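Have a look at query-v3.txt; it's compact mmCIF, C-alpha atoms:
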```txt
# COMPACT_ATOMS: atom_id res chain seq x y z
CA MET A 492 50.77 -36.29 -9.28
CA LEU A 493 53.40 -34.94 -6.86
CA PHE A 494 51.45 -31.68 -6.53
CA GLU A 495 48.26 -33.59 -5.72
CA ARG A 496 49.99 -35.73 -3.08
CA LEU A 497 51.67 -32.79 -1.39
CA SER A 498 48.49 -30.76 -1.61
CA GLY A 499 46.52 -33.56 -0.01
CA LEU A 500 49.10 -34.01 2.75
CA PHE A 501 49.37 -30.33 3.64
CA THR A 502 45.63 -29.68 3.54
CA SER A 503 45.05 -32.72 5.72
CA VAL A 504 47.61 -31.49 8.28
CA ILE A 505 46.11 -28.00 8.42
CA ALA A 506 42.52 -29.24 8.49
CA SER A 507 43.24 -31.56 11.42
CA THR A 508 45.67 -29.43 13.46
CA GLY A 509 44.76 -25.84 12.54
CA TYR A 510 47.20 -23.16 13.67
CA LEU A 511 49.75 -25.73 14.85
CA GLY A 512 49.79 -27.29 11.38
CA VAL A 513 50.30 -23.88 9.77
CA PHE A 514 53.15 -23.17 12.19
CA VAL A 515 54.93 -26.49 11.63
CA LEU A 516 54.60 -26.44 7.84
CA MET A 517 55.69 -22.82 7.52
CA THR A 518 58.64 -23.42 9.84
CA LEU A 519 59.77 -26.19 7.49
CA GLU A 520 59.07 -23.91 4.50
CA SER A 521 61.55 -21.35 5.83
CA MET A 522 64.27 -23.99 6.08
CA VAL A 523 65.40 -26.27 3.26
CA ALA A 524 62.42 -28.63 3.45
CA PRO A 525 60.39 -28.94 0.21
CA VAL A 526 57.26 -27.33 1.63
CA PRO A 527 55.99 -24.61 -0.75
CA SER A 528 54.11 -21.82 0.94
CA GLU A 529 51.93 -21.75 -2.20
CA LEU A 530 50.38 -25.03 -1.02
CA VAL A 531 50.07 -24.11 2.65
CA MET A 532 48.79 -20.55 2.95
CA PRO A 533 46.01 -20.60 0.31
CA PHE A 534 44.34 -23.56 2.01
CA ALA A 535 44.61 -21.74 5.34
CA GLY A 536 42.86 -18.87 3.52
CA PHE A 537 40.01 -21.21 2.57
CA LEU A 538 39.55 -22.14 6.21
CA VAL A 539 39.59 -18.47 7.19
CA ALA A 540 36.96 -17.70 4.55
CA ASP A 541 34.85 -20.60 5.90
CA GLY A 542 35.14 -19.23 9.44
CA LYS A 543 37.15 -22.20 10.69
CA LEU A 544 40.32 -20.21 11.39
CA ASN A 545 40.91 -16.64 12.54
CA LEU A 546 42.65 -14.38 10.01
CA TRP A 547 44.98 -12.64 12.44
CA LEU A 548 45.93 -15.81 14.29
CA VAL A 549 46.89 -17.45 10.97
CA ILE A 550 49.02 -14.43 10.05
CA ILE A 551 50.71 -14.48 13.46
CA ALA A 552 51.29 -18.25 13.36
CA SER A 553 52.73 -18.19 9.83
CA SER A 554 54.94 -15.16 10.50
CA LEU A 555 56.35 -16.63 13.72
CA ALA A 556 56.93 -19.89 11.86
CA SER A 557 58.81 -18.17 9.05
CA ILE A 558 61.02 -16.38 11.58
CA THR A 559 61.60 -19.61 13.53
CA GLY A 560 62.60 -21.64 10.48
CA SER A 561 64.83 -18.87 9.18
CA LEU A 562 66.55 -18.50 12.56
CA ILE A 563 67.26 -22.24 12.70
CA SER A 564 68.98 -22.13 9.30
CA TYR A 565 70.75 -18.90 10.25
CA ALA A 566 72.06 -20.42 13.50
CA ILE A 567 73.28 -23.59 11.78
CA ALA A 568 75.28 -21.52 9.31
CA TYR A 569 76.42 -18.96 11.90
CA PHE A 570 77.82 -21.47 14.40
CA GLY A 571 78.81 -24.17 11.92
CA GLU A 572 80.63 -21.91 9.46
CA LYS A 573 83.97 -23.74 9.36
CA GLU A 574 82.41 -27.20 9.34
CA LEU A 575 79.96 -26.26 6.58
CA ILE A 576 82.71 -24.84 4.39
CA HIS A 577 85.02 -27.77 5.09
CA LYS A 578 82.44 -30.48 4.39
CA PHE A 579 80.17 -28.92 1.80
CA GLY A 580 81.95 -25.86 0.47
CA ARG A 581 83.48 -27.67 -2.49
CA PHE A 582 80.05 -28.83 -3.63
CA VAL A 583 78.78 -25.24 -3.92
CA PHE A 584 82.13 -23.70 -4.91
CA LEU A 585 82.40 -21.91 -1.58
CA ASP A 586 85.83 -21.06 -0.24
CA LYS A 587 87.44 -18.22 1.76
CA ASP A 588 87.21 -15.77 -1.15
CA GLU A 589 83.51 -16.42 -1.70
CA LEU A 590 82.82 -16.23 2.05
CA ASP A 591 84.57 -12.85 2.23
CA TRP A 592 82.50 -11.64 -0.72
CA THR A 593 79.31 -12.91 0.92
CA GLN A 594 80.15 -11.09 4.14
CA ARG A 595 80.77 -7.83 2.29
CA TRP A 596 77.52 -8.24 0.35
CA PHE A 597 75.43 -8.74 3.48
CA GLU A 598 77.15 -5.85 5.23
CA LYS A 599 76.06 -3.50 2.42
CA ARG A 600 72.86 -5.04 1.05
CA GLY A 601 71.81 -7.70 3.54
CA SER A 602 68.56 -6.08 4.59
CA ILE A 603 67.11 -5.60 1.11
CA THR A 604 68.40 -9.04 0.06
CA ILE A 605 66.55 -10.76 2.91
CA LEU A 606 63.40 -8.75 2.20
CA ILE A 607 63.27 -9.43 -1.55
CA SER A 608 64.27 -13.09 -1.17
CA ARG A 609 61.07 -13.85 0.72
CA PHE A 610 59.17 -13.38 -2.56
CA ILE A 611 61.43 -15.57 -4.72
CA PRO A 612 60.84 -19.35 -5.06
CA VAL A 613 63.71 -21.59 -3.93
CA ILE A 614 65.79 -18.60 -2.78
CA ARG A 615 63.53 -17.96 0.20
CA HIS A 616 64.24 -21.51 1.43
CA LEU A 617 68.01 -20.96 1.31
CA ILE A 618 68.73 -17.28 1.96
CA SER A 619 69.18 -17.72 5.72
CA ILE A 620 72.26 -19.89 5.13
CA PRO A 621 74.44 -17.18 3.48
CA ALA A 622 73.06 -14.65 5.96
CA GLY A 623 74.29 -16.84 8.81
CA LEU A 624 77.64 -17.49 7.15
CA ALA A 625 78.08 -13.75 6.68
CA LYS A 626 77.06 -13.21 10.33
CA MET A 627 74.49 -10.63 9.32
CA ASP A 628 73.26 -8.47 12.19
CA LEU A 629 70.64 -10.59 13.94
CA LYS A 630 68.20 -7.75 14.65
CA LYS A 631 68.16 -6.71 10.98
CA PHE A 632 67.86 -10.33 9.88
CA VAL A 633 64.83 -10.95 12.08
CA LEU A 634 63.20 -7.61 11.21
CA PHE A 635 63.43 -7.96 7.43
CA THR A 636 62.60 -11.67 7.54
CA ALA A 637 59.46 -10.79 9.51
CA VAL A 638 58.44 -7.99 7.13
CA GLY A 639 59.04 -9.99 3.95
CA ALA A 640 57.56 -13.23 5.25
CA THR A 641 54.46 -11.54 6.67
CA ALA A 642 53.82 -9.72 3.39
CA TRP A 643 54.22 -12.89 1.30
CA ASN A 644 52.24 -15.12 3.65
CA SER A 645 49.44 -12.58 3.90
CA PHE A 646 49.26 -12.28 0.13
CA LEU A 647 48.89 -16.05 -0.30
CA LEU A 648 46.36 -16.11 2.51
CA TRP A 649 44.32 -13.41 0.76
CA VAL A 650 44.52 -15.33 -2.54
CA GLY A 651 43.12 -18.40 -0.81
CA MET A 652 40.33 -16.39 0.79
CA GLN A 653 39.36 -14.88 -2.55
CA LEU A 654 39.61 -17.89 -4.84
CA ARG A 655 38.96 -20.80 -2.51
CA GLU A 656 38.12 -23.90 -4.58
CA ARG A 657 39.97 -22.54 -7.64
CA TRP A 658 43.38 -22.63 -5.98
CA GLU A 659 44.59 -25.38 -8.35
CA ALA A 660 44.31 -22.83 -11.17
CA VAL A 661 46.22 -20.31 -9.07
CA HIS A 662 48.97 -22.83 -8.45
CA LYS A 663 49.10 -23.67 -12.16
CA TYR A 664 50.01 -20.11 -13.06
CA SER A 665 52.21 -19.51 -10.02
CA SER A 666 54.12 -22.72 -10.79
CA GLN A 667 54.82 -21.45 -14.31
CA LEU A 668 56.40 -18.37 -12.77
CA ASP A 669 58.32 -20.61 -10.38
CA VAL A 670 59.73 -22.56 -13.34
CA LEU A 671 60.94 -19.35 -14.97
CA VAL A 672 62.60 -18.20 -11.76
CA ILE A 673 64.23 -21.61 -11.26
CA VAL A 674 65.62 -21.52 -14.82
CA LEU A 675 67.12 -18.10 -14.17
CA ILE A 676 68.62 -19.36 -10.92
CA VAL A 677 70.16 -22.38 -12.70
CA VAL A 678 71.70 -20.06 -15.30
CA ALA A 679 73.08 -17.79 -12.57
CA VAL A 680 74.53 -20.75 -10.65
CA ALA A 681 76.14 -22.13 -13.83
CA TYR A 682 77.71 -18.75 -14.53
CA TYR A 683 78.95 -18.51 -10.95
CA ALA A 684 80.47 -22.00 -11.16
CA TYR A 685 82.13 -21.14 -14.47
CA ARG A 686 83.71 -17.98 -13.03
CA HIS A 687 84.81 -19.85 -9.91
CA ILE A 688 86.51 -22.62 -11.89
CA ARG A 689 88.10 -20.17 -14.28
CA ARG A 690 89.44 -17.94 -11.49
CA HIS A 691 90.89 -20.85 -9.55
CA GLY A 692 92.35 -22.27 -12.73
CA LYS A 693 94.25 -19.03 -13.25
CA LYS A 694 95.45 -19.10 -9.62
CA SER A 695 96.81 -22.63 -10.03
CA LEU A 696 98.72 -21.59 -13.15
CA ALA A 697 100.19 -18.48 -11.51
```
Transcribe the structure of this file into structure tokens.
Amino acid sequence: MLFERLSGLFTSVIASTGYLGVFVLMTLESMVAPVPSELVMPFAGFLVADGKLNLWLVIIASSLASITGSLISYAIAYFGEKELIHKFGRFVFLDKDELDWTQRWFEKRGSITILISRFIPVIRHLISIPAGLAKMDLKKFVLFTAVGATAWNSFLLWVGMQLRERWEAVHKYSSQLDVLVIVLIVVAVAYYAYRHIRRHGKKSLA
């Protein structure tokens, strides 16, 4: 039911506003808004296949949108570092030690992390936040966001062009993969929380 409602909303927006709708929805998709690219780009592909939208303009609009949304999240984290950690850090087990670790991680592996994250459900909505907190080099952030987002968006666009009216079946199988990835993420987060609590428990006893 939720899938059908969201699908109807997004397709209606794109059908009525075209490239602007693609841009707005994909900007939200690259932030923390619950807008799955799997519901946006395939329908844009249908419209391309029907000759109602231009392939390259859709790719440009979606790529610029992904960069825009990612930069907004990046900037919020970059300039609001102390406030974010102070207000919300305890809810995600983020403190000075974790921030230092995040900064070291992005210094060494930030580029490949940003690139790969664009293909992972949930993570691609959030990855700009730790990148901003770690103050990842902006040029690298934009470059690898653009490469990863363009590749992913173009793939979904191609799927929509090829399968058209059968995109519900595509979403069915892609959503099963999403569930698996989400389960793995939950397990990883639980393990991270366990290690955080255990480490800080040892510090308090020392």
Excluding range 635-648 of chain A and any residue of its chain fewer than 6 positions from it, enumerate the residues within 9 Å of it, using only C-alpha atoms, and give them as a PDB file with C-alpha atoms, keeping the file's coordinate frame.
```pdb
ATOM      1  CA  SER A 528      54.110 -21.820   0.940  1.00  0.00           C
ATOM      2  CA  GLU A 529      51.930 -21.750  -2.200  1.00  0.00           C
ATOM      3  CA  VAL A 531      50.070 -24.110   2.650  1.00  0.00           C
ATOM      4  CA  MET A 532      48.790 -20.550   2.950  1.00  0.00           C
ATOM      5  CA  PRO A 533      46.010 -20.600   0.310  1.00  0.00           C
ATOM      6  CA  PHE A 534      44.340 -23.560   2.010  1.00  0.00           C
ATOM      7  CA  ALA A 535      44.610 -21.740   5.340  1.00  0.00           C
ATOM      8  CA  GLY A 536      42.860 -18.870   3.520  1.00  0.00           C
ATOM      9  CA  PHE A 537      40.010 -21.210   2.570  1.00  0.00           C
ATOM     10  CA  VAL A 539      39.590 -18.470   7.190  1.00  0.00           C
ATOM     11  CA  LEU A 546      42.650 -14.380  10.010  1.00  0.00           C
ATOM     12  CA  VAL A 549      46.890 -17.450  10.970  1.00  0.00           C
ATOM     13  CA  ILE A 550      49.020 -14.430  10.050  1.00  0.00           C
ATOM     14  CA  ILE A 551      50.710 -14.480  13.460  1.00  0.00           C
ATOM     15  CA  SER A 553      52.730 -18.190   9.830  1.00  0.00           C
ATOM     16  CA  SER A 554      54.940 -15.160  10.500  1.00  0.00           C
ATOM     17  CA  LEU A 555      56.350 -16.630  13.720  1.00  0.00           C
ATOM     18  CA  SER A 557      58.810 -18.170   9.050  1.00  0.00           C
ATOM     19  CA  ILE A 558      61.020 -16.380  11.580  1.00  0.00           C
ATOM     20  CA  SER A 561      64.830 -18.870   9.180  1.00  0.00           C
ATOM     21  CA  SER A 602      68.560  -6.080   4.590  1.00  0.00           C
ATOM     22  CA  ILE A 603      67.110  -5.600   1.110  1.00  0.00           C
ATOM     23  CA  THR A 604      68.400  -9.040   0.060  1.00  0.00           C
ATOM     24  CA  ILE A 605      66.550 -10.760   2.910  1.00  0.00           C
ATOM     25  CA  LEU A 606      63.400  -8.750   2.200  1.00  0.00           C
ATOM     26  CA  ILE A 607      63.270  -9.430  -1.550  1.00  0.00           C
ATOM     27  CA  SER A 608      64.270 -13.090  -1.170  1.00  0.00           C
ATOM     28  CA  ARG A 609      61.070 -13.850   0.720  1.00  0.00           C
ATOM     29  CA  PHE A 610      59.170 -13.380  -2.560  1.00  0.00           C
TER      30      PHE A 610
END
```
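Between CA of Glu520 in chain A and CA of Gly560 in chain A the interatomic distance comes to 7.3 Å.
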Self-check item: Between CA of Ser503 in chain A and CA of Val523 in chain A, distance in Å (one decimal)
Solution: 21.5 Å
Could you work out an axis-aligned box for range 642-650 of chain A, taking every atom the file lists and adding 6 Å on each side, and report centre and edge lengths in Å to one decimal, as lines of an AutoDock Vina configuration file?
```
center_x = 49.3
center_y = -12.9
center_z = 0.7
size_x = 21.9
size_y = 18.4
size_z = 18.4
```
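All residues of protein, DNA or RNA that reach within 12 Å of Thr508 in chain A, judged by all atoms listed in the file and not counting those fewer than 6 positions away in the chain, are A:Phe501, A:Thr502, A:Phe514, A:Val515, A:Leu516, A:Ala535, A:Leu538, A:Lys543, A:Leu544.
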Quiz item: Separation of CA of Val504 in chain A and CA of Leu519 in chain A, in Å?
Solution: 13.3 Å
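Distances from A:Leu530, A:Ile567, A:Ile505, A:Ala556 to Val633 in chain A were compared using all atoms listed in the file, and the smallest one belongs to A:Ala556.
Summary of the local environment: counting only C-alpha atoms, residues at most 10 Å from Asp628 in chain A, other than itself and those fewer than 6 positions away along its chain, are A:Phe597, A:Glu598, A:Gly601, A:Ser602, A:Ala622.
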Where atoms are lacking, range 513-529 of chain A completed to N, CA and C atoms, as a PDB file, in the frame of the given file:
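Dumped to result_22.pdb:
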```pdb
ATOM      1  N   VAL A 513      49.754 -25.020  10.521  1.00  0.00           N
ATOM      2  CA  VAL A 513      50.300 -23.880   9.770  1.00  0.00           C
ATOM      3  C   VAL A 513      51.690 -23.544  10.274  1.00  0.00           C
ATOM      4  N   PHE A 514      51.847 -23.515  11.599  1.00  0.00           N
ATOM      5  CA  PHE A 514      53.150 -23.170  12.190  1.00  0.00           C
ATOM      6  C   PHE A 514      54.230 -24.170  11.794  1.00  0.00           C
ATOM      7  N   VAL A 515      53.935 -25.454  11.932  1.00  0.00           N
ATOM      8  CA  VAL A 515      54.930 -26.490  11.630  1.00  0.00           C
ATOM      9  C   VAL A 515      55.318 -26.474  10.158  1.00  0.00           C
ATOM     10  N   LEU A 516      54.328 -26.417   9.280  1.00  0.00           N
ATOM     11  CA  LEU A 516      54.600 -26.440   7.840  1.00  0.00           C
ATOM     12  C   LEU A 516      55.367 -25.204   7.397  1.00  0.00           C
ATOM     13  N   MET A 517      55.003 -24.040   7.925  1.00  0.00           N
ATOM     14  CA  MET A 517      55.690 -22.820   7.520  1.00  0.00           C
ATOM     15  C   MET A 517      57.064 -22.691   8.146  1.00  0.00           C
ATOM     16  N   THR A 518      57.281 -23.353   9.282  1.00  0.00           N
ATOM     17  CA  THR A 518      58.640 -23.420   9.840  1.00  0.00           C
ATOM     18  C   THR A 518      59.532 -24.228   8.902  1.00  0.00           C
ATOM     19  N   LEU A 519      59.021 -25.365   8.442  1.00  0.00           N
ATOM     20  CA  LEU A 519      59.770 -26.190   7.490  1.00  0.00           C
ATOM     21  C   LEU A 519      59.985 -25.439   6.181  1.00  0.00           C
ATOM     22  N   GLU A 520      58.974 -24.672   5.752  1.00  0.00           N
ATOM     23  CA  GLU A 520      59.070 -23.910   4.500  1.00  0.00           C
ATOM     24  C   GLU A 520      60.203 -22.909   4.529  1.00  0.00           C
ATOM     25  N   SER A 521      60.498 -22.358   5.708  1.00  0.00           N
ATOM     26  CA  SER A 521      61.550 -21.350   5.830  1.00  0.00           C
ATOM     27  C   SER A 521      62.927 -21.974   5.999  1.00  0.00           C
ATOM     28  N   MET A 522      62.983 -23.295   6.051  1.00  0.00           N
ATOM     29  CA  MET A 522      64.270 -23.990   6.080  1.00  0.00           C
ATOM     30  C   MET A 522      64.497 -24.562   4.679  1.00  0.00           C
ATOM     31  N   VAL A 523      65.118 -25.692   4.579  1.00  0.00           N
ATOM     32  CA  VAL A 523      65.400 -26.270   3.260  1.00  0.00           C
ATOM     33  C   VAL A 523      64.433 -27.385   2.901  1.00  0.00           C
ATOM     34  N   ALA A 524      63.399 -27.573   3.723  1.00  0.00           N
ATOM     35  CA  ALA A 524      62.420 -28.630   3.450  1.00  0.00           C
ATOM     36  C   ALA A 524      61.570 -28.241   2.234  1.00  0.00           C
ATOM     37  N   PRO A 525      61.196 -29.225   1.412  1.00  0.00           N
ATOM     38  CA  PRO A 525      60.390 -28.940   0.210  1.00  0.00           C
ATOM     39  C   PRO A 525      58.921 -28.733   0.543  1.00  0.00           C
ATOM     40  N   VAL A 526      58.631 -27.669   1.266  1.00  0.00           N
ATOM     41  CA  VAL A 526      57.260 -27.330   1.630  1.00  0.00           C
ATOM     42  C   VAL A 526      56.935 -25.962   1.039  1.00  0.00           C
ATOM     43  N   PRO A 527      56.293 -25.911  -0.117  1.00  0.00           N
ATOM     44  CA  PRO A 527      55.990 -24.610  -0.750  1.00  0.00           C
ATOM     45  C   PRO A 527      54.892 -23.868   0.002  1.00  0.00           C
ATOM     46  N   SER A 528      55.139 -22.618   0.281  1.00  0.00           N
ATOM     47  CA  SER A 528      54.110 -21.820   0.940  1.00  0.00           C
ATOM     48  C   SER A 528      52.874 -21.672   0.064  1.00  0.00           C
ATOM     49  N   GLU A 529      53.055 -21.840  -1.267  1.00  0.00           N
ATOM     50  CA  GLU A 529      51.930 -21.750  -2.200  1.00  0.00           C
ATOM     51  C   GLU A 529      50.915 -22.874  -2.007  1.00  0.00           C
TER      52      GLU A 529
END
```
